[in-house]
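Colleague: Sharing final39.txt below, compact mmCIF, C-alpha atoms:
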```
# COMPACT_ATOMS: atom_id res chain seq x y z
CA CYS A 3 47.50 178.30 -146.52
CA ALA A 4 47.59 181.62 -144.60
CA LEU A 5 49.54 184.50 -146.06
CA ASN A 6 52.50 185.70 -144.04
CA PRO A 7 52.94 189.49 -144.48
CA ARG A 8 56.53 189.42 -143.21
CA THR A 9 57.52 186.74 -145.75
CA ILE A 10 55.94 188.69 -148.62
CA ILE A 11 57.52 191.98 -147.62
CA GLU A 12 60.99 190.47 -147.13
CA ALA A 13 60.77 188.89 -150.59
CA VAL A 14 59.74 192.21 -152.16
CA ALA A 15 62.47 194.05 -150.27
CA ARG A 16 65.06 191.61 -151.70
CA GLY A 17 63.71 192.24 -155.17
CA GLY A 18 63.02 188.53 -155.59
CA ARG A 19 66.60 187.49 -154.63
CA GLU A 20 67.31 184.60 -152.32
CA PRO A 21 68.50 185.46 -148.80
CA GLY A 22 72.25 185.78 -148.50
CA HIS A 23 72.77 187.01 -152.10
CA GLU A 24 72.37 190.74 -151.47
CA GLY A 25 76.09 191.24 -152.17
CA ARG A 26 75.48 190.84 -155.90
CA ASP A 27 74.20 194.42 -156.01
CA GLY A 28 77.52 195.90 -154.92
CA GLY A 29 79.97 196.20 -152.08
CA ALA A 30 83.63 195.22 -151.70
CA GLY A 31 84.45 192.01 -153.49
CA ALA A 32 80.91 191.60 -154.79
CA GLY A 33 80.12 190.76 -158.41
CA PRO A 34 82.47 190.54 -161.44
CA VAL A 35 85.29 192.98 -162.17
CA GLY A 36 83.96 196.30 -163.41
CA HIS A 37 80.61 195.95 -161.59
CA HIS A 38 80.02 199.07 -159.51
CA ALA A 39 77.86 199.44 -156.38
CA PRO A 40 74.82 201.67 -156.91
CA THR A 41 75.18 205.24 -155.73
CA ARG A 42 73.08 206.73 -152.91
CA ALA A 43 71.06 208.60 -155.56
CA GLY A 44 70.41 205.37 -157.43
CA ARG A 45 69.26 203.65 -154.26
CA ASN A 46 66.90 206.55 -153.56
CA LEU A 47 65.45 206.28 -157.07
CA VAL A 48 64.47 202.62 -156.58
CA SER A 49 63.27 203.06 -152.98
CA ALA A 50 59.98 204.74 -153.91
CA PRO A 51 58.63 202.01 -156.23
CA ARG A 52 59.85 199.37 -153.81
CA ARG A 53 57.92 201.05 -151.00
CA ALA A 54 54.83 200.92 -153.23
CA LEU A 55 55.35 197.19 -153.76
CA ILE A 56 55.72 196.64 -150.02
CA ALA A 57 52.48 198.52 -149.38
CA ALA A 58 50.71 196.42 -152.02
CA ALA A 59 52.08 193.27 -150.38
CA TRP A 60 50.69 194.39 -147.04
CA LEU A 61 47.25 194.96 -148.57
CA ALA A 62 47.27 191.56 -150.27
CA ALA A 63 48.32 189.84 -147.06
CA LEU A 64 45.64 191.57 -145.01
CA ALA A 65 43.01 190.69 -147.62
CA GLY A 66 44.06 187.03 -147.42
CA VAL A 67 43.83 187.02 -143.64
CA GLY A 68 40.38 188.59 -143.84
CA ALA A 69 39.22 185.89 -146.26
CA LEU A 70 40.40 183.16 -143.93
CA SER A 71 38.61 184.80 -141.00
CA ALA A 72 35.40 184.93 -143.03
CA GLN A 73 35.71 181.22 -143.82
CA ALA A 74 35.91 180.45 -140.11
CA THR A 75 32.41 181.86 -139.58
CA ILE A 76 29.73 179.15 -139.66
CA ALA A 77 26.07 180.09 -139.82
CA GLU A 78 23.28 178.25 -138.05
CA GLY A 79 21.59 175.47 -139.98
CA THR A 80 19.69 172.20 -139.98
CA VAL A 81 20.45 168.89 -141.69
CA ILE A 82 19.17 169.00 -145.27
CA ARG A 83 20.53 165.57 -146.18
CA GLY A 84 22.48 162.89 -144.41
CA THR A 85 23.20 159.22 -143.93
CA LEU A 86 24.19 157.11 -140.95
CA SER A 87 25.56 153.63 -141.49
CA PHE A 88 27.61 150.99 -139.73
CA ASP A 89 29.83 148.08 -140.75
CA GLY A 90 29.19 144.90 -138.76
CA ARG A 91 30.85 141.49 -138.69
CA ALA A 92 29.27 138.19 -137.76
CA THR A 93 29.91 134.48 -138.17
CA THR A 94 27.48 134.52 -141.10
CA GLY A 95 29.48 137.27 -142.86
CA ASP A 96 30.01 141.00 -142.93
CA PHE A 97 27.04 143.32 -143.35
CA VAL A 98 26.10 147.00 -143.48
CA GLY A 99 23.21 148.80 -141.82
CA THR A 100 22.18 152.19 -143.16
CA THR A 101 19.57 154.93 -142.88
CA ASP A 102 18.97 158.33 -144.43
CA SER A 103 16.49 159.35 -141.71
CA VAL A 104 18.95 161.74 -140.12
CA ARG A 105 18.07 165.04 -138.51
CA GLY A 106 20.02 167.65 -136.59
CA GLU A 107 20.86 171.26 -135.94
CA MET A 108 24.02 173.34 -135.87
CA ARG A 109 24.37 176.56 -133.93
CA GLY A 110 27.07 178.62 -135.59
CA GLY A 111 29.54 181.15 -134.30
CA PRO A 112 32.30 183.55 -135.32
CA GLU A 113 34.84 180.75 -134.89
CA LEU A 114 34.77 176.95 -135.17
CA VAL A 115 35.38 176.50 -131.44
CA GLY A 116 32.03 178.20 -130.75
CA ILE A 117 29.95 175.75 -132.78
CA THR A 118 27.51 173.42 -131.00
CA GLY A 119 24.74 171.18 -132.26
CA TRP A 120 23.35 167.67 -132.48
CA VAL A 121 22.61 164.87 -134.93
CA GLU A 122 20.32 161.89 -134.40
CA ALA A 123 18.69 159.01 -136.26
CA PRO A 124 15.96 156.49 -135.33
CA VAL A 125 17.64 153.14 -134.67
CA ARG A 126 14.63 151.30 -136.12
CA SER A 127 15.24 153.01 -139.48
CA LEU A 128 18.56 151.15 -139.91
CA HIS A 129 18.23 148.41 -142.54
CA THR A 130 20.76 145.69 -143.33
CA GLY A 131 19.01 144.06 -146.29
CA ASN A 132 18.00 141.04 -144.22
CA GLY A 133 14.62 141.14 -142.47
CA HIS A 134 15.51 138.52 -139.84
CA ARG A 135 18.75 140.34 -138.98
CA ASP A 136 16.87 143.65 -138.78
CA ARG A 137 14.46 142.14 -136.23
CA ASP A 138 17.39 140.83 -134.18
CA LEU A 139 19.00 144.28 -134.35
CA ASN A 140 15.87 145.99 -133.06
CA SER A 141 15.55 143.40 -130.30
CA SER A 142 19.15 143.86 -129.13
CA MET A 143 18.90 147.65 -129.33
CA GLU A 144 15.51 147.66 -127.53
CA THR A 145 14.28 150.31 -129.94
CA GLY A 146 10.91 150.45 -128.19
CA ARG A 147 12.62 151.90 -125.08
CA TYR A 148 15.57 153.64 -126.71
CA PRO A 149 14.42 154.80 -130.14
CA VAL A 150 17.29 157.10 -131.24
CA MET A 151 21.06 157.25 -131.54
CA ARG A 152 22.23 160.82 -130.89
CA PHE A 153 25.44 162.82 -130.76
CA ASP A 154 25.52 166.23 -129.04
CA VAL A 155 28.45 168.47 -129.95
CA ALA A 156 29.73 170.57 -127.04
CA HIS A 157 32.51 172.27 -129.00
CA VAL A 158 34.76 171.86 -132.02
CA ARG A 159 38.56 171.80 -132.09
CA PRO A 160 39.96 173.05 -135.43
CA GLY A 161 42.66 171.10 -137.23
CA ALA A 162 44.64 171.29 -140.47
CA VAL A 163 43.17 172.96 -143.56
CA ALA A 164 43.56 171.63 -147.11
CA GLY A 165 41.69 173.66 -149.73
CA ASP A 166 38.03 173.88 -148.78
CA THR A 167 38.33 170.99 -146.30
CA GLN A 168 39.31 171.21 -142.65
CA ARG A 169 40.01 168.45 -140.17
CA VAL A 170 38.19 168.98 -136.88
CA THR A 171 37.58 167.15 -133.62
CA LEU A 172 33.98 166.98 -132.44
CA ASP A 173 33.92 166.93 -128.65
CA GLY A 174 30.58 165.79 -127.30
CA THR A 175 28.28 163.10 -125.94
CA LEU A 176 27.06 160.00 -127.76
CA THR A 177 23.80 158.54 -126.47
CA LEU A 178 22.76 155.02 -127.47
CA HIS A 179 20.61 152.38 -125.79
CA GLY A 180 20.02 154.67 -122.81
CA VAL A 181 23.75 155.14 -122.18
CA SER A 182 25.55 158.48 -122.66
CA ARG A 183 29.32 158.59 -123.04
CA HIS A 184 31.82 161.34 -123.79
CA GLU A 185 33.37 160.88 -127.23
CA GLU A 186 35.88 162.80 -129.35
CA LEU A 187 35.25 162.17 -133.03
CA THR A 188 37.73 163.08 -135.75
CA ALA A 189 35.82 164.56 -138.69
CA SER A 190 36.17 166.49 -141.93
CA LEU A 191 34.39 169.80 -142.52
CA PHE A 192 33.67 170.86 -146.12
CA ARG A 193 32.46 174.42 -146.66
CA GLY A 194 30.20 174.97 -149.65
CA ASP A 195 28.04 177.81 -150.94
CA GLY A 196 25.89 178.37 -147.87
CA THR A 197 26.37 174.80 -146.66
CA ALA A 198 28.61 172.89 -144.27
CA ARG A 199 29.15 169.17 -144.77
CA VAL A 200 30.54 167.05 -141.93
CA THR A 201 31.76 163.47 -142.32
CA THR A 202 33.16 161.16 -139.67
CA SER A 203 33.87 157.47 -139.13
CA PHE A 204 34.57 155.91 -135.75
CA GLN A 205 34.64 152.60 -133.94
CA LEU A 206 31.92 151.83 -131.43
CA THR A 207 31.98 148.97 -128.93
CA LEU A 208 28.42 147.79 -128.42
CA THR A 209 29.04 146.43 -124.92
CA ASP A 210 30.15 149.92 -123.80
CA TYR A 211 26.51 150.88 -124.34
CA ARG A 212 25.15 147.77 -122.60
CA ILE A 213 23.91 146.22 -125.82
CA GLY A 214 23.56 142.46 -125.53
CA GLY A 215 21.99 139.69 -127.58
CA LEU A 216 25.05 139.44 -129.81
CA THR A 217 25.08 135.63 -129.61
CA LYS A 218 22.36 133.35 -130.99
CA MET A 219 21.78 129.59 -131.15
CA LEU A 220 24.05 128.71 -128.21
CA GLY A 221 26.95 130.66 -129.66
CA LEU A 222 26.80 129.29 -133.19
CA LEU A 223 25.82 132.72 -134.50
CA ARG A 224 27.84 135.55 -133.08
CA MET A 225 28.18 139.24 -133.94
CA ASN A 226 31.39 141.14 -133.27
CA GLN A 227 30.88 143.67 -130.48
CA VAL A 228 32.89 146.32 -132.37
CA ILE A 229 31.25 148.10 -135.31
CA VAL A 230 32.40 151.03 -137.45
CA VAL A 231 29.94 153.92 -137.68
CA HIS A 232 29.88 156.38 -140.59
CA VAL A 233 28.06 159.72 -140.54
CA ASP A 234 27.70 162.11 -143.49
CA VAL A 235 25.50 165.18 -142.94
CA THR A 236 25.06 168.49 -144.72
CA PHE A 237 23.77 171.58 -142.91
CA ALA A 238 22.23 174.64 -144.53
```
Once more with this new file: its structure as C-alpha cells, please.
Modeller:
Amino acid sequence: CALNPRTIIEAVARGGREPGHEGRDGGAGAGPVGHHAPTRAGRNLVSAPRRALIAAAWLAALAGVGALSAQATIAEGTVIRGTLSFDGRATTGDFVGTTDSVRGEMRGGPELVGITGWVEAPVRSLHTGNGHRDRDLNSSMETGRYPVMRFDVAHVRPGAVAGDTQRVTLDGTLTLHGVSRHEELTASLFRGDGTARVTTSFQLTLTDYRIGGLTKMLGLLRMNQVIVVHVDVTFA
C-alpha cells in the first residue's frame, strides 16, 4: 500500500505512543506520584534527534511514492505467450474450446490510463476436442468471412492493488462475427521483470454478435447462447 508521510511523521513525533496518551510525559495530573514533567532544556535536548527521525521518515515516504510511480509506467510490448478459451454448454454436455494462437500489441504510457492496445486470435484455431463440433463451430462463426476475434483497448481504468497484482477495467471494443460492440472487461494486471501479464474472464452472448446455428436436428441438439471467455496474455 502507499506510504502516507503525515502518518509516519505523526508516529515519529509521538515517539511511538498512541494518540491521546501524550499526558504520560508530564503535565498536571499526569503519570504516577513523583513523576516530573520534562524541563524546557530536556525537551530541547530530544528535539534534535526527533527532527532527524522526522526527516528520515520524509525521505522514506518519498522513496516509497517514487517506487509506486515507477510501477505505474508500462512499456510498449507484444504478446509473447497467450491463450484464449471459452466454456460452452450444450444438450450433449459441457465443453471447452481453446487456442494458443494469440497475438497482440500494447502501447505503454507513464500511467495505466494512457495504455492502449489490441489482442486477437483466429477463430478457426479454436479446438474443442471433437472434430464434428469444431466443424459446426466454424460453420456458425462463418470463419471464412470473419476469421478473427479481436479486442481493442481504448483506455485502462486502474483499480485496487494487492502486491504485484492490480485490478483494472479494460474499456474497448470487441469484434466478433463482423459485429463490433463496446465492452468493459474486468481484468488483473501482473507486473513481472520486463513483462506485463493480463488475465480476464467474461460472459459473451453469442446472439449479441449475430451468431446463429446453435440448434441442430430440429432442436434436439442445442448450444447455450451464453459462453464464458477466458484470456491470458503476457506482453514483453
Colleague: Could you pull the residues within 12 Å of Leu172 in chain A, counting only C-alpha atoms, minus those fewer than 6 positions along the same chain, as number ranges by chain?
Modeller: A: 114-121, 153-161, 184-191, 200-204
Colleague: For the point (26.2, 158.7, -125.8) in file coordinates, what residues are within 9 Å, counting only C-alpha atoms? Give the answer as a PyMOL selection string?
Modeller: chain A and resi 151-154+174-185+211
Colleague: What's the 10 Å shell around Gly194 in chain A, counting all atoms listed in the file, without same-chain residues fewer than 4 positions away, as a PyMOL selection string?
Modeller: chain A and resi 166-167+198-199+236-238
Colleague: Could you save the residues just selected, with C-alpha atoms, as a short mmCIF file (atom, residue, chain, number, x, y, z; two decimals), keeping the file's coordinate frame?
Modeller:
```cif
data_model
loop_
_atom_site.label_atom_id
_atom_site.label_comp_id
_atom_site.auth_asym_id
_atom_site.auth_seq_id
_atom_site.Cartn_x
_atom_site.Cartn_y
_atom_site.Cartn_z
CA ASP A 166 38.03 173.88 -148.78
CA THR A 167 38.33 170.99 -146.30
CA ALA A 198 28.61 172.89 -144.27
CA ARG A 199 29.15 169.17 -144.77
CA THR A 236 25.06 168.49 -144.72
CA PHE A 237 23.77 171.58 -142.91
CA ALA A 238 22.23 174.64 -144.53
#
```
Colleague: In Å, with one decimal, what is the gap from CA of Val230 in chain A to CA of Phe88 in chain A?
Modeller: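 Calculated distance between CA of Val230 in chain A and CA of Phe88 in chain A is 5.3 Å.
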Colleague: In Å to one decimal, how far is CA of Ile229 in chain A from CA of Thr207 in chain A?
Modeller: 6.5 Å
Colleague: Hey, can you check how far CA of Thr209 in chain A sits from CA of Arg169 in chain A?
Modeller: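 Separating CA of Thr209 in chain A from CA of Arg169 in chain A is a distance of 28.9 Å.
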Colleague: Range 92-105 of chain A: which residues within 8 Å, counting all atoms listed in the file, same-chain residues fewer than 3 positions away excluded, as a VMD selection string?
Modeller: chain A and resid 80 to 89 121 to 124 127 to 131 222 to 226 235
Colleague: Restricting the calculation to only C-alpha atoms: of A:Val125, A:Gln168, A:Gly90, A:Gly133, which residue gets closest to Pro149 in chain A?
Modeller: A:Val125
Colleague: Which is closer to Lys218 in chain A than all the others in A:Val150, A:Leu139, A:Ala162, A:Val233, using only C-alpha atoms?
Modeller: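 For Lys218 in chain A, the nearest of the candidates is A:Leu139.
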